[in-house]
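Peer 1: Have a look at the structure that comes next, please.
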There are 2 protein chains.
Amino acid sequence: MQVWKDYQAENKDRFLDELLALLRIPSVSADSRHNGDTQQCAEAVKLRLQEAGADKVEVCQTAGHPIVYGEKIIDPSLPTVLVYGHYDVQPADPLDLWHSGPFEPVIKDGNIFARGSADDKGQFYMHVKAFETMNKTNTIPCNIKFMIEGEEEVGSANLGIFLKENKERLKADVVLISDTSMISLENPSIDTGLRGLAYMEVAVTGPNRDLHSGVYGGAVANPATILAKMIASLHDENNHITIPGFYNNVQELSAEERTALNAAPFDEEEYKKDLGIADVWGEKGYSTIERTGIRPTLEVNGIWGGYTGEGSKTVLPSKAFAKISMRLVPNQDWHEISDLFTKHFESIAPKSVTVKVTKHHGGSPYVTPIDSVAFKAAHKAINATFGKDPIPVRGGGSIPIVALFEKELGLKTVLMGFGLDSDNLHSPNEKYGLANYYKGIETIPYFHKFFAEMSK
Amino acid sequence: MQVWKDYQAENKDRFLDELLALLRIPSVSADSRHNGDTQQCAEAVKLRLQEAGADKVEVCQTAGHPIVYGEKIIDPSLPTVLVYGHYDVQPADPLDLWHSGPFEPVIKDGNIFARGSADDKGQFYMHVKAFETMNKTNTIPCNIKFMIEGEEEVGSANLGIFLKENKERLKADVVLISDTSMISLENPSIDTGLRGLAYMEVAVTGPNRDLHSGVYGGAVANPATILAKMIASLHDENNHITIPGFYNNVQELSAEERTALNAAPFDEEEYKKDLGIADVWGEKGYSTIERTGIRPTLEVNGIWGGYTGEGSKTVLPSKAFAKISMRLVPNQDWHEISDLFTKHFESIAPKSVTVKVTKHHGGSPYVTPIDSVAFKAAHKAINATFGKDPIPVRGGGSIPIVALFEKELGLKTVLMGFGLDSDNLHSPNEKYGLANYYKGIETIPYFHKFFAEMSK
């Protein structure tokens, strides 16, 4: 609509400046040293929602990082959209690989470089500016509620409780989230599913103290070597995961579904070139699109033990550790998978070491319906601003909360993401395209418009 | 001799205070931030040698950490003993496992707790005090030279050059070193061999940046997983090392030699209890004594990659690293083994990653003659102060320089160590027994006495 176009054109620069201000707050949820920053970020989000015109805006304290809530009820008889996003970000390290400060946003080659630019500050803030656009032009077509949390990157432990305790306040017809990617601005897509997650930490202990590798080497089990052997055994020669029962509930797609999935534009040579790898790697019998979309995986996210400093130290370490997470697909249950992992990992430990397995967090996989009014509204909205129909794809990432929305609130979710896989999410030099940011702000009002119309 | 006993009894406390002062200097050779401390430690050693009565004492600068030289030539026609030791120490981390500051020596339960207390400050300083004892009581029986270096813990790279350039100054009949252990004060022993060392560092690189484990997990080789698989493959199911050619030059001992070796007092239950392990671990077909004495080994000294901080981060790391060292036995050559390792490690890397192998340092294994005058003198000296014959044993550790003494100076070495395997060498809470310290100071003059007499 012209009135939206005009308003957004007039306020273009401010829309960007406000995002940059948010990106300057190092709201790292995993690191307790940043607890003050997450609090400050929540307060900033509250202020922005109020300025945009939301009512009853509140920073809701939890046992962890706070949740920001706000709403605009224009007519209780109209449908209601619950917008979800998160203001917390991943840790920034390794810092030395960033070309500019992770919390000093820089605009370069049409991208905003900063931790959280795409995941998810840049994406949830599009909704705040889209809402402002509709509000200031008196064109809000339905009721809109905002719930912006601060623990998405650490498992959203307290959001589940918040949902239980605020069912009335959160009453809505659909959940709308922009925290995923599209194939490209030329090939817009909508995620129709997300993988679940089970995140574990393991500790392997050998001798009760670090030992001299000359005096004891060869006669005492080295926990770093044992951990390596245990990790190595978690994938077989075809890169199938060896944990007994792991694949029991995995939903196998039909030949048709797989063909449709693999029809999505994908250039493996480009993919390898972008990542600087000579070859892809993964489960035998599946394409790259399938390996990241419809198959469960197990990855070592971190490993450490012994002497890792400058030079050399001839030590036989007492302990070795690893962070290991699994991506899950329908219908794997993350609690069950966590238990299977724990049981298996403990069972493969040799007698000469002791093993401790800790669950960090997790979430169940989710598949969105593609025949719902909300999905059709998103489809139509993207067509309206991109000039072509979006391609339905399966996303590899996880937003544990999506399954919870269905469980606790009985709500379906639409994943209308505007990022790109190449945005370096969770990596140094995370970025978000200016074009993606503005395109999102332009597209979102159409979603509300079509959703309101099609709900009639 | 009574005169020695009396002098040492009178100066007992000062002998200890001087050692504690040396232990307070954090002369960590592996960490360049401590370069000032190694220099200061060398100056302190120089001062102590002068006070003890040595002549021509000098701090000799090298391309790395300095070497302290001193001598006492009482009669060129008498035999000369070259005493070797090192004032540098291993890094102190992990610091949180120390019960008291690594460089704030504490006396507890008859032990001196401090980094370097046993390895090697406490042991080389026994020679300085033994020398002082003989000098102040006018009983020096032979010429004595001191060479105390500062790079033993990092491979003694510059000592080799120093030997080449100072052949005349270092002329001697035997090298005497106290940098090893004995079985116990009740079962004194002398090392008749040392293992060699080849210390490597490996880097495995997957994608050119850290990736989101959800978006890319399962489709891109994870360097931490690949490194684990590569490390796991270095030992087979019998814990034999799988590097082709690794065992080619390994000297197999005769049944008689192995029986003699295994006759040394050793209580495996005590050993397991001390280390807090349910079972020993190692190469099939060999006893613990053999695994640490006459067999080559491969140990992971450190491993790291990905996110190792607090909480969780769903990252697929770009790189993973490990420090891997091998202990060598006669007649393995450390250069050849380093090359075999490099070639093999590169060859087992899958196409989807790149591997970089770096050599840190190394040294060749060494076996001392047990029929030499010097060995017999050490044997007799220990009998004189311990009241029983020492047991000849093979040490598992490495002093790379010992092989070099033979090569460059044509000198055999006697390894008269007074430490214990339980001294936590290279570990938190390194200790050295007060009784061991004083017993060493008491024994060493007898070595010189008998060596001079038996050389006639």
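Residue numbering restarts at 1 for every chain of the structure tokens, chains are lettered A, B, ... in their displayed order, and ligands are numbered from 1 as they appear.
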At most 6 Å is the cut-off: for each residue in chain A with any atom that close to an atom of chain B, write down the nearest atom pair and the distance in Å rounded to one decimal, counting only C-alpha atoms, chain first then increasing number, as JSON lines.
Peer 2:
```
{"residue": "A:Ala30", "atom": "CA", "partner": "B:Gly311", "partner_atom": "CA", "distance": 5.4}
{"residue": "A:Pro207", "atom": "CA", "partner": "B:Leu275", "partner_atom": "CA", "distance": 5.1}
{"residue": "A:Asn208", "atom": "CA", "partner": "B:Gly276", "partner_atom": "CA", "distance": 5.4}
{"residue": "A:Asp210", "atom": "CA", "partner": "B:Ser427", "partner_atom": "CA", "distance": 5.1}
{"residue": "A:Leu211", "atom": "CA", "partner": "B:Ser427", "partner_atom": "CA", "distance": 5.8}
{"residue": "A:His212", "atom": "CA", "partner": "B:His426", "partner_atom": "CA", "distance": 5.5}
{"residue": "A:Gly214", "atom": "CA", "partner": "B:Gly397", "partner_atom": "CA", "distance": 3.9}
{"residue": "A:Val215", "atom": "CA", "partner": "B:Gly396", "partner_atom": "CA", "distance": 4.7}
{"residue": "A:Gly218", "atom": "CA", "partner": "B:Gly282", "partner_atom": "CA", "distance": 5.3}
{"residue": "A:Ala219", "atom": "CA", "partner": "B:Gly282", "partner_atom": "CA", "distance": 4.9}
{"residue": "A:Val220", "atom": "CA", "partner": "B:Trp281", "partner_atom": "CA", "distance": 4.9}
{"residue": "A:Ala221", "atom": "CA", "partner": "B:Trp281", "partner_atom": "CA", "distance": 5.1}
{"residue": "A:Ala228", "atom": "CA", "partner": "B:Ala228", "partner_atom": "CA", "distance": 4.2}
{"residue": "A:Lys229", "atom": "CA", "partner": "B:Ala232", "partner_atom": "CA", "distance": 4.6}
{"residue": "A:Ala232", "atom": "CA", "partner": "B:Lys229", "partner_atom": "CA", "distance": 4.5}
{"residue": "A:Leu275", "atom": "CA", "partner": "B:Pro207", "partner_atom": "CA", "distance": 5.0}
{"residue": "A:Gly276", "atom": "CA", "partner": "B:Asn208", "partner_atom": "CA", "distance": 5.4}
{"residue": "A:Ile277", "atom": "CA", "partner": "B:Pro207", "partner_atom": "CA", "distance": 5.8}
{"residue": "A:Ala278", "atom": "CA", "partner": "B:Ser352", "partner_atom": "CA", "distance": 5.4}
{"residue": "A:Asp279", "atom": "CA", "partner": "B:Ser352", "partner_atom": "CA", "distance": 4.7}
{"residue": "A:Val280", "atom": "CA", "partner": "B:Val220", "partner_atom": "CA", "distance": 5.3}
{"residue": "A:Trp281", "atom": "CA", "partner": "B:Val220", "partner_atom": "CA", "distance": 4.9}
{"residue": "A:Gly282", "atom": "CA", "partner": "B:Ala219", "partner_atom": "CA", "distance": 4.9}
{"residue": "A:Thr288", "atom": "CA", "partner": "B:Ala219", "partner_atom": "CA", "distance": 5.5}
{"residue": "A:Arg291", "atom": "CA", "partner": "B:Gly218", "partner_atom": "CA", "distance": 5.5}
{"residue": "A:Thr292", "atom": "CA", "partner": "B:Gly218", "partner_atom": "CA", "distance": 6.0}
{"residue": "A:Thr297", "atom": "CA", "partner": "B:Gly218", "partner_atom": "CA", "distance": 5.3}
{"residue": "A:Asn301", "atom": "CA", "partner": "B:Val315", "partner_atom": "CA", "distance": 5.2}
{"residue": "A:Gly302", "atom": "CA", "partner": "B:Gly306", "partner_atom": "CA", "distance": 4.1}
{"residue": "A:Ile303", "atom": "CA", "partner": "B:Trp304", "partner_atom": "CA", "distance": 5.2}
{"residue": "A:Trp304", "atom": "CA", "partner": "B:Trp304", "partner_atom": "CA", "distance": 4.2}
{"residue": "A:Gly305", "atom": "CA", "partner": "B:Ile303", "partner_atom": "CA", "distance": 5.4}
{"residue": "A:Gly306", "atom": "CA", "partner": "B:Gly302", "partner_atom": "CA", "distance": 4.1}
{"residue": "A:Tyr307", "atom": "CA", "partner": "B:Gly302", "partner_atom": "CA", "distance": 4.5}
{"residue": "A:Thr308", "atom": "CA", "partner": "B:Gly302", "partner_atom": "CA", "distance": 5.5}
{"residue": "A:Gly311", "atom": "CA", "partner": "B:Ala30", "partner_atom": "CA", "distance": 5.5}
{"residue": "A:Val315", "atom": "CA", "partner": "B:Asn301", "partner_atom": "CA", "distance": 5.2}
{"residue": "A:Leu316", "atom": "CA", "partner": "B:Asn301", "partner_atom": "CA", "distance": 5.6}
{"residue": "A:Ser352", "atom": "CA", "partner": "B:Asp279", "partner_atom": "CA", "distance": 4.7}
{"residue": "A:Gly396", "atom": "CA", "partner": "B:Val215", "partner_atom": "CA", "distance": 4.7}
{"residue": "A:Gly397", "atom": "CA", "partner": "B:Gly214", "partner_atom": "CA", "distance": 3.9}
{"residue": "A:Leu425", "atom": "CA", "partner": "B:His212", "partner_atom": "CA", "distance": 5.7}
{"residue": "A:His426", "atom": "CA", "partner": "B:His212", "partner_atom": "CA", "distance": 5.5}
{"residue": "A:Ser427", "atom": "CA", "partner": "B:Asp210", "partner_atom": "CA", "distance": 5.0}
```
Peer 1: Give me a file of those residues, with C-alpha atoms, as a PDB file, in the first residue's frame.
Peer 2:
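Saved as again.pdb:
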```pdb
ATOM      1  CA  ALA A  30      24.821 -17.823  27.819  1.00  0.00           C
ATOM      2  CA  PRO A 207      43.595 -40.367  36.696  1.00  0.00           C
ATOM      3  CA  ASN A 208      42.755 -38.167  39.691  1.00  0.00           C
ATOM      4  CA  ASP A 210      47.289 -34.456  35.579  1.00  0.00           C
ATOM      5  CA  LEU A 211      50.235 -36.815  35.096  1.00  0.00           C
ATOM      6  CA  HIS A 212      53.686 -36.638  33.511  1.00  0.00           C
ATOM      7  CA  GLY A 214      56.642 -39.762  30.246  1.00  0.00           C
ATOM      8  CA  VAL A 215      56.358 -41.340  33.651  1.00  0.00           C
ATOM      9  CA  GLY A 218      51.249 -45.831  27.937  1.00  0.00           C
ATOM     10  CA  ALA A 219      50.087 -47.351  31.212  1.00  0.00           C
ATOM     11  CA  VAL A 220      47.154 -45.108  32.203  1.00  0.00           C
ATOM     12  CA  ALA A 221      44.032 -44.390  30.097  1.00  0.00           C
ATOM     13  CA  ALA A 228      38.199 -39.128  20.965  1.00  0.00           C
ATOM     14  CA  LYS A 229      37.514 -42.863  20.610  1.00  0.00           C
ATOM     15  CA  ALA A 232      34.543 -41.321  16.839  1.00  0.00           C
ATOM     16  CA  LEU A 275      32.496 -22.641   2.824  1.00  0.00           C
ATOM     17  CA  GLY A 276      35.955 -23.245   1.363  1.00  0.00           C
ATOM     18  CA  ILE A 277      35.593 -27.030   1.501  1.00  0.00           C
ATOM     19  CA  ALA A 278      36.713 -29.586  -1.071  1.00  0.00           C
ATOM     20  CA  ASP A 279      33.778 -31.870  -0.383  1.00  0.00           C
ATOM     21  CA  VAL A 280      30.519 -32.079   1.512  1.00  0.00           C
ATOM     22  CA  TRP A 281      30.148 -34.701   4.241  1.00  0.00           C
ATOM     23  CA  GLY A 282      27.249 -36.509   5.793  1.00  0.00           C
ATOM     24  CA  THR A 288      22.800 -31.912   1.367  1.00  0.00           C
ATOM     25  CA  ARG A 291      20.945 -33.865   5.529  1.00  0.00           C
ATOM     26  CA  THR A 292      20.213 -30.378   6.895  1.00  0.00           C
ATOM     27  CA  THR A 297      22.416 -35.107  13.144  1.00  0.00           C
ATOM     28  CA  ASN A 301      30.134 -28.108  19.309  1.00  0.00           C
ATOM     29  CA  GLY A 302      33.219 -27.938  21.497  1.00  0.00           C
ATOM     30  CA  ILE A 303      36.008 -30.169  22.827  1.00  0.00           C
ATOM     31  CA  TRP A 304      38.774 -29.463  25.331  1.00  0.00           C
ATOM     32  CA  GLY A 305      41.227 -31.129  27.676  1.00  0.00           C
ATOM     33  CA  GLY A 306      44.883 -31.074  28.740  1.00  0.00           C
ATOM     34  CA  TYR A 307      47.329 -28.334  27.831  1.00  0.00           C
ATOM     35  CA  THR A 308      46.049 -25.931  25.167  1.00  0.00           C
ATOM     36  CA  GLY A 311      54.346 -24.297  23.247  1.00  0.00           C
ATOM     37  CA  VAL A 315      51.005 -33.906  30.390  1.00  0.00           C
ATOM     38  CA  LEU A 316      48.608 -36.847  30.498  1.00  0.00           C
ATOM     39  CA  SER A 352      39.653 -47.250  33.151  1.00  0.00           C
ATOM     40  CA  GLY A 396      17.797 -27.131   9.752  1.00  0.00           C
ATOM     41  CA  GLY A 397      17.877 -24.921  12.804  1.00  0.00           C
ATOM     42  CA  LEU A 425      24.635 -17.015  12.394  1.00  0.00           C
ATOM     43  CA  HIS A 426      26.427 -18.089  15.602  1.00  0.00           C
ATOM     44  CA  SER A 427      29.734 -17.275  13.840  1.00  0.00           C
TER      45      SER A 427
END
```
Peer 1: Can you list every residue in region 109-355 of chain B that DSSP puts in strand (DSSP E or B), as a CSV table (one decimal) with N, CA, C and O atoms, in the first residue's frame?
Peer 2:
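See out.csv below for the written result:
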```
chain,number,residue,atom,x,y,z
B,111,ASN,N,56.9,-32.5,52.7
B,111,ASN,CA,57.2,-32.3,51.3
B,111,ASN,C,57.2,-30.8,51.1
B,111,ASN,O,56.5,-30.0,51.7
B,112,ILE,N,58.0,-30.4,50.0
B,112,ILE,CA,58.0,-29.0,49.5
B,112,ILE,C,57.1,-28.9,48.3
B,112,ILE,O,57.3,-29.6,47.3
B,113,PHE,N,55.9,-28.2,48.5
B,113,PHE,CA,55.0,-28.1,47.4
B,113,PHE,C,55.3,-26.8,46.6
B,113,PHE,O,55.2,-25.7,47.1
B,143,ASN,N,87.6,-32.7,39.7
B,143,ASN,CA,87.1,-31.5,39.1
B,143,ASN,C,85.6,-31.6,38.9
B,143,ASN,O,85.1,-32.6,38.5
B,144,ILE,N,84.9,-30.4,39.1
B,144,ILE,CA,83.5,-30.4,38.9
B,144,ILE,C,83.1,-29.2,38.1
B,144,ILE,O,83.6,-28.1,38.3
B,145,LYS,N,82.3,-29.5,37.1
B,145,LYS,CA,81.7,-28.4,36.2
B,145,LYS,C,80.2,-28.4,36.3
B,145,LYS,O,79.6,-29.5,36.4
B,146,PHE,N,79.6,-27.2,36.3
B,146,PHE,CA,78.1,-27.1,36.3
B,146,PHE,C,77.6,-26.5,35.0
B,146,PHE,O,78.2,-25.5,34.5
B,147,MET,N,76.6,-27.1,34.5
B,147,MET,CA,75.9,-26.5,33.3
B,147,MET,C,74.4,-26.6,33.6
B,147,MET,O,73.8,-27.7,33.6
B,148,ILE,N,73.8,-25.5,34.0
B,148,ILE,CA,72.4,-25.5,34.4
B,148,ILE,C,71.6,-24.7,33.3
B,148,ILE,O,71.8,-23.5,33.2
B,149,GLU,N,70.7,-25.4,32.6
B,149,GLU,CA,70.1,-24.7,31.4
B,149,GLU,C,68.7,-24.2,31.8
B,149,GLU,O,68.1,-24.5,32.8
B,174,VAL,N,82.5,-37.7,32.6
B,174,VAL,CA,81.1,-38.2,32.7
B,174,VAL,C,80.1,-37.0,33.0
B,174,VAL,O,80.5,-36.0,33.5
B,175,VAL,N,78.9,-37.2,32.6
B,175,VAL,CA,77.8,-36.3,33.0
B,175,VAL,C,77.0,-36.9,34.1
B,175,VAL,O,76.6,-38.0,34.1
B,176,LEU,N,76.7,-36.0,35.1
B,176,LEU,CA,75.9,-36.5,36.3
B,176,LEU,C,74.7,-35.6,36.3
B,176,LEU,O,74.7,-34.4,36.3
B,177,ILE,N,73.5,-36.3,36.3
B,177,ILE,CA,72.2,-35.6,36.3
B,177,ILE,C,71.3,-36.2,37.4
B,177,ILE,O,71.2,-37.4,37.5
B,181,SER,N,63.5,-40.1,38.9
B,181,SER,CA,62.9,-40.6,40.2
B,181,SER,C,63.6,-41.9,40.6
B,181,SER,O,64.3,-42.6,39.8
B,189,SER,N,66.7,-46.6,43.5
B,189,SER,CA,67.0,-47.2,42.2
B,189,SER,C,67.8,-46.1,41.3
B,189,SER,O,67.8,-45.0,41.7
B,190,ILE,N,68.3,-46.6,40.3
B,190,ILE,CA,69.0,-45.7,39.3
B,190,ILE,C,68.5,-46.0,37.9
B,190,ILE,O,68.4,-47.2,37.5
B,191,ASP,N,68.1,-44.9,37.2
B,191,ASP,CA,67.6,-45.1,35.9
B,191,ASP,C,68.8,-45.5,34.9
B,191,ASP,O,69.8,-44.9,35.0
B,192,THR,N,68.5,-46.5,34.1
B,192,THR,CA,69.5,-47.0,33.2
B,192,THR,C,69.1,-46.6,31.8
B,192,THR,O,69.8,-47.0,30.8
B,193,GLY,N,68.0,-45.9,31.7
B,193,GLY,CA,67.6,-45.5,30.3
B,193,GLY,C,66.5,-44.5,30.4
B,193,GLY,O,65.8,-44.4,31.4
B,194,LEU,N,66.3,-43.8,29.3
B,194,LEU,CA,65.3,-42.8,29.2
B,194,LEU,C,64.6,-43.0,27.9
B,194,LEU,O,65.3,-43.3,26.9
B,196,GLY,N,62.8,-41.5,24.4
B,196,GLY,CA,62.9,-40.3,23.6
B,196,GLY,C,61.6,-39.6,23.5
B,196,GLY,O,60.6,-40.1,24.0
B,197,LEU,N,61.5,-38.5,22.8
B,197,LEU,CA,60.3,-37.8,22.6
B,197,LEU,C,60.1,-37.2,21.2
B,197,LEU,O,61.1,-36.7,20.7
B,198,ALA,N,58.9,-37.2,20.7
B,198,ALA,CA,58.6,-36.5,19.5
B,198,ALA,C,57.3,-35.8,19.7
B,198,ALA,O,56.3,-36.5,19.9
B,199,TYR,N,57.3,-34.5,19.8
B,199,TYR,CA,56.1,-33.7,20.2
B,199,TYR,C,55.6,-32.9,19.0
B,199,TYR,O,56.2,-32.1,18.4
B,200,MET,N,54.3,-33.2,18.7
B,200,MET,CA,53.7,-32.7,17.5
B,200,MET,C,52.5,-31.9,17.9
B,200,MET,O,51.9,-32.0,18.9
B,201,GLU,N,52.1,-30.9,17.0
B,201,GLU,CA,50.8,-30.2,17.1
B,201,GLU,C,50.1,-30.4,15.8
B,201,GLU,O,50.7,-30.2,14.7
B,202,VAL,N,48.8,-30.7,15.9
B,202,VAL,CA,48.0,-30.8,14.6
B,202,VAL,C,46.8,-29.9,14.6
B,202,VAL,O,46.3,-29.6,15.7
B,203,ALA,N,46.5,-29.4,13.4
B,203,ALA,CA,45.3,-28.5,13.2
B,203,ALA,C,44.5,-29.1,12.1
B,203,ALA,O,45.0,-29.4,11.0
B,204,VAL,N,43.2,-29.3,12.4
B,204,VAL,CA,42.3,-29.8,11.4
B,204,VAL,C,41.3,-28.6,11.1
B,204,VAL,O,40.7,-28.1,12.0
B,205,THR,N,41.2,-28.3,9.8
B,205,THR,CA,40.3,-27.2,9.4
B,205,THR,C,39.2,-27.7,8.5
B,205,THR,O,39.5,-28.5,7.5
B,211,LEU,N,30.3,-22.3,11.8
B,211,LEU,CA,29.0,-22.4,11.2
B,211,LEU,C,27.9,-22.7,12.3
B,211,LEU,O,28.2,-23.2,13.3
B,212,HIS,N,26.7,-22.3,11.9
B,212,HIS,CA,25.5,-22.7,12.8
B,212,HIS,C,25.3,-24.2,12.6
B,212,HIS,O,25.1,-24.7,11.5
B,235,HIS,N,45.5,-45.7,17.7
B,235,HIS,CA,45.7,-46.9,18.5
B,235,HIS,C,44.8,-48.0,18.0
B,235,HIS,O,43.6,-47.7,17.8
B,241,ILE,N,50.2,-48.8,18.4
B,241,ILE,CA,50.2,-47.6,17.6
B,241,ILE,C,50.2,-48.0,16.1
B,241,ILE,O,50.9,-48.9,15.7
B,297,THR,N,55.2,-44.9,23.2
B,297,THR,CA,53.8,-44.6,23.5
B,297,THR,C,53.4,-43.4,22.7
B,297,THR,O,54.3,-42.6,22.2
B,298,LEU,N,52.1,-43.2,22.5
B,298,LEU,CA,51.6,-42.0,21.9
B,298,LEU,C,50.5,-41.4,22.8
B,298,LEU,O,49.5,-42.1,23.1
B,299,GLU,N,50.6,-40.1,23.2
B,299,GLU,CA,49.6,-39.5,24.1
B,299,GLU,C,49.1,-38.2,23.6
B,299,GLU,O,49.9,-37.4,23.0
B,300,VAL,N,47.8,-38.0,23.8
B,300,VAL,CA,47.2,-36.6,23.5
B,300,VAL,C,47.5,-35.8,24.7
B,300,VAL,O,47.0,-36.1,25.8
B,301,ASN,N,48.3,-34.7,24.6
B,301,ASN,CA,48.6,-33.9,25.7
B,301,ASN,C,47.6,-32.7,25.8
B,301,ASN,O,47.5,-32.1,26.9
B,302,GLY,N,47.0,-32.4,24.7
B,302,GLY,CA,46.0,-31.4,24.8
B,302,GLY,C,45.1,-31.5,23.5
B,302,GLY,O,45.5,-31.9,22.5
B,303,ILE,N,43.8,-31.1,23.7
B,303,ILE,CA,42.9,-31.1,22.5
B,303,ILE,C,41.9,-29.9,22.7
B,303,ILE,O,41.5,-29.6,23.9
B,304,TRP,N,41.6,-29.2,21.7
B,304,TRP,CA,40.7,-28.1,21.8
B,304,TRP,C,40.1,-27.7,20.4
B,304,TRP,O,40.7,-27.9,19.4
B,305,GLY,N,38.8,-27.2,20.5
B,305,GLY,CA,38.2,-26.7,19.3
B,305,GLY,C,36.7,-26.3,19.6
B,305,GLY,O,36.1,-26.9,20.6
B,306,GLY,N,36.2,-25.4,18.9
B,306,GLY,CA,34.8,-25.0,19.1
B,306,GLY,C,34.6,-24.2,20.3
B,306,GLY,O,35.5,-23.5,20.9
B,315,VAL,N,27.5,-24.4,17.6
B,315,VAL,CA,28.4,-24.0,16.5
B,315,VAL,C,29.0,-25.3,15.9
B,315,VAL,O,29.2,-26.3,16.6
B,316,LEU,N,29.2,-25.2,14.6
B,316,LEU,CA,30.0,-26.3,14.0
B,316,LEU,C,31.4,-25.6,13.7
B,316,LEU,O,31.5,-24.7,12.9
B,319,LYS,N,37.8,-25.0,13.1
B,319,LYS,CA,39.0,-25.7,13.3
B,319,LYS,C,39.0,-26.5,14.6
B,319,LYS,O,38.3,-26.1,15.6
B,320,ALA,N,39.9,-27.5,14.7
B,320,ALA,CA,40.1,-28.2,15.9
B,320,ALA,C,41.6,-28.6,16.0
B,320,ALA,O,42.2,-28.8,14.9
B,321,PHE,N,42.1,-28.6,17.2
B,321,PHE,CA,43.6,-28.8,17.4
B,321,PHE,C,43.9,-29.8,18.4
B,321,PHE,O,43.1,-30.1,19.3
B,322,ALA,N,45.1,-30.4,18.3
B,322,ALA,CA,45.6,-31.3,19.4
B,322,ALA,C,47.1,-31.2,19.5
B,322,ALA,O,47.8,-31.0,18.5
B,323,LYS,N,47.6,-31.4,20.7
B,323,LYS,CA,49.0,-31.6,20.9
B,323,LYS,C,49.2,-33.1,21.2
B,323,LYS,O,48.5,-33.6,22.1
B,324,ILE,N,50.1,-33.7,20.4
B,324,ILE,CA,50.2,-35.1,20.5
B,324,ILE,C,51.7,-35.4,20.6
B,324,ILE,O,52.5,-35.0,19.8
B,325,SER,N,52.1,-36.2,21.7
B,325,SER,CA,53.6,-36.5,21.8
B,325,SER,C,53.8,-38.0,21.9
B,325,SER,O,52.9,-38.7,22.4
B,326,MET,N,54.9,-38.4,21.4
B,326,MET,CA,55.2,-39.9,21.4
B,326,MET,C,56.5,-40.1,22.2
B,326,MET,O,57.4,-39.3,22.1
B,327,ARG,N,56.5,-41.1,23.1
B,327,ARG,CA,57.7,-41.4,23.9
B,327,ARG,C,58.4,-42.5,23.1
B,327,ARG,O,57.7,-43.5,22.6
B,328,LEU,N,59.7,-42.4,22.9
B,328,LEU,CA,60.4,-43.3,22.0
B,328,LEU,C,61.4,-44.2,22.8
B,328,LEU,O,61.9,-43.8,23.9
B,354,THR,N,41.2,-30.0,5.8
B,354,THR,CA,42.7,-29.9,5.6
B,354,THR,C,43.4,-30.0,6.9
B,354,THR,O,42.8,-29.7,8.0
B,355,VAL,N,44.6,-30.6,6.8
B,355,VAL,CA,45.3,-30.9,8.1
B,355,VAL,C,46.7,-30.2,8.0
B,355,VAL,O,47.4,-30.2,7.0
```
Peer 1: Quick one: residues within 7 Å of region 65-76 of chain B, only C-alpha atoms counted, chain neighbours fewer than 3 positions away excluded, as a PyMOL selection string?
Peer 2: chain B and resi 38-39+42+46+49+54-62+142-151
Peer 1: Restricting it to C-alpha atoms, dump the selection as a short mmCIF file (atom, residue, chain, number, x, y, z; two decimals), in the first residue's frame.
Peer 2:
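Okay, this is what ended up in selection-v2.cif:
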```
data_model
loop_
_atom_site.label_atom_id
_atom_site.label_comp_id
_atom_site.auth_asym_id
_atom_site.auth_seq_id
_atom_site.Cartn_x
_atom_site.Cartn_y
_atom_site.Cartn_z
CA THR B 38 63.89 -17.13 33.45
CA GLN B 39 66.56 -14.43 33.12
CA ALA B 42 69.60 -17.71 35.78
CA LYS B 46 74.89 -17.81 39.08
CA LEU B 49 77.21 -21.15 42.39
CA ALA B 54 82.56 -22.22 41.89
CA ASP B 55 84.93 -20.30 39.59
CA LYS B 56 84.36 -18.68 36.16
CA VAL B 57 80.63 -18.58 36.83
CA GLU B 58 78.77 -17.06 33.89
CA VAL B 59 75.24 -16.55 32.59
CA CYS B 60 75.66 -17.53 28.94
CA GLN B 61 73.04 -15.94 26.70
CA THR B 62 71.55 -18.07 23.90
CA CYS B 142 87.81 -34.31 41.56
CA ASN B 143 87.13 -31.48 39.13
CA ILE B 144 83.49 -30.44 38.93
CA LYS B 145 81.72 -28.42 36.21
CA PHE B 146 78.14 -27.13 36.29
CA MET B 147 75.89 -26.51 33.33
CA ILE B 148 72.36 -25.48 34.37
CA GLU B 149 70.09 -24.69 31.43
CA GLY B 150 66.72 -22.97 31.03
CA GLU B 151 65.09 -24.80 28.14
#
```
Peer 1: Which residues are close to Thr385 (chain B), i.e. within 8 Å by only C-alpha atoms, leaving aside same-chain residues fewer than 5 positions away? Reply as a ChimeraX atom specification.
Peer 2: /B:439,442-443
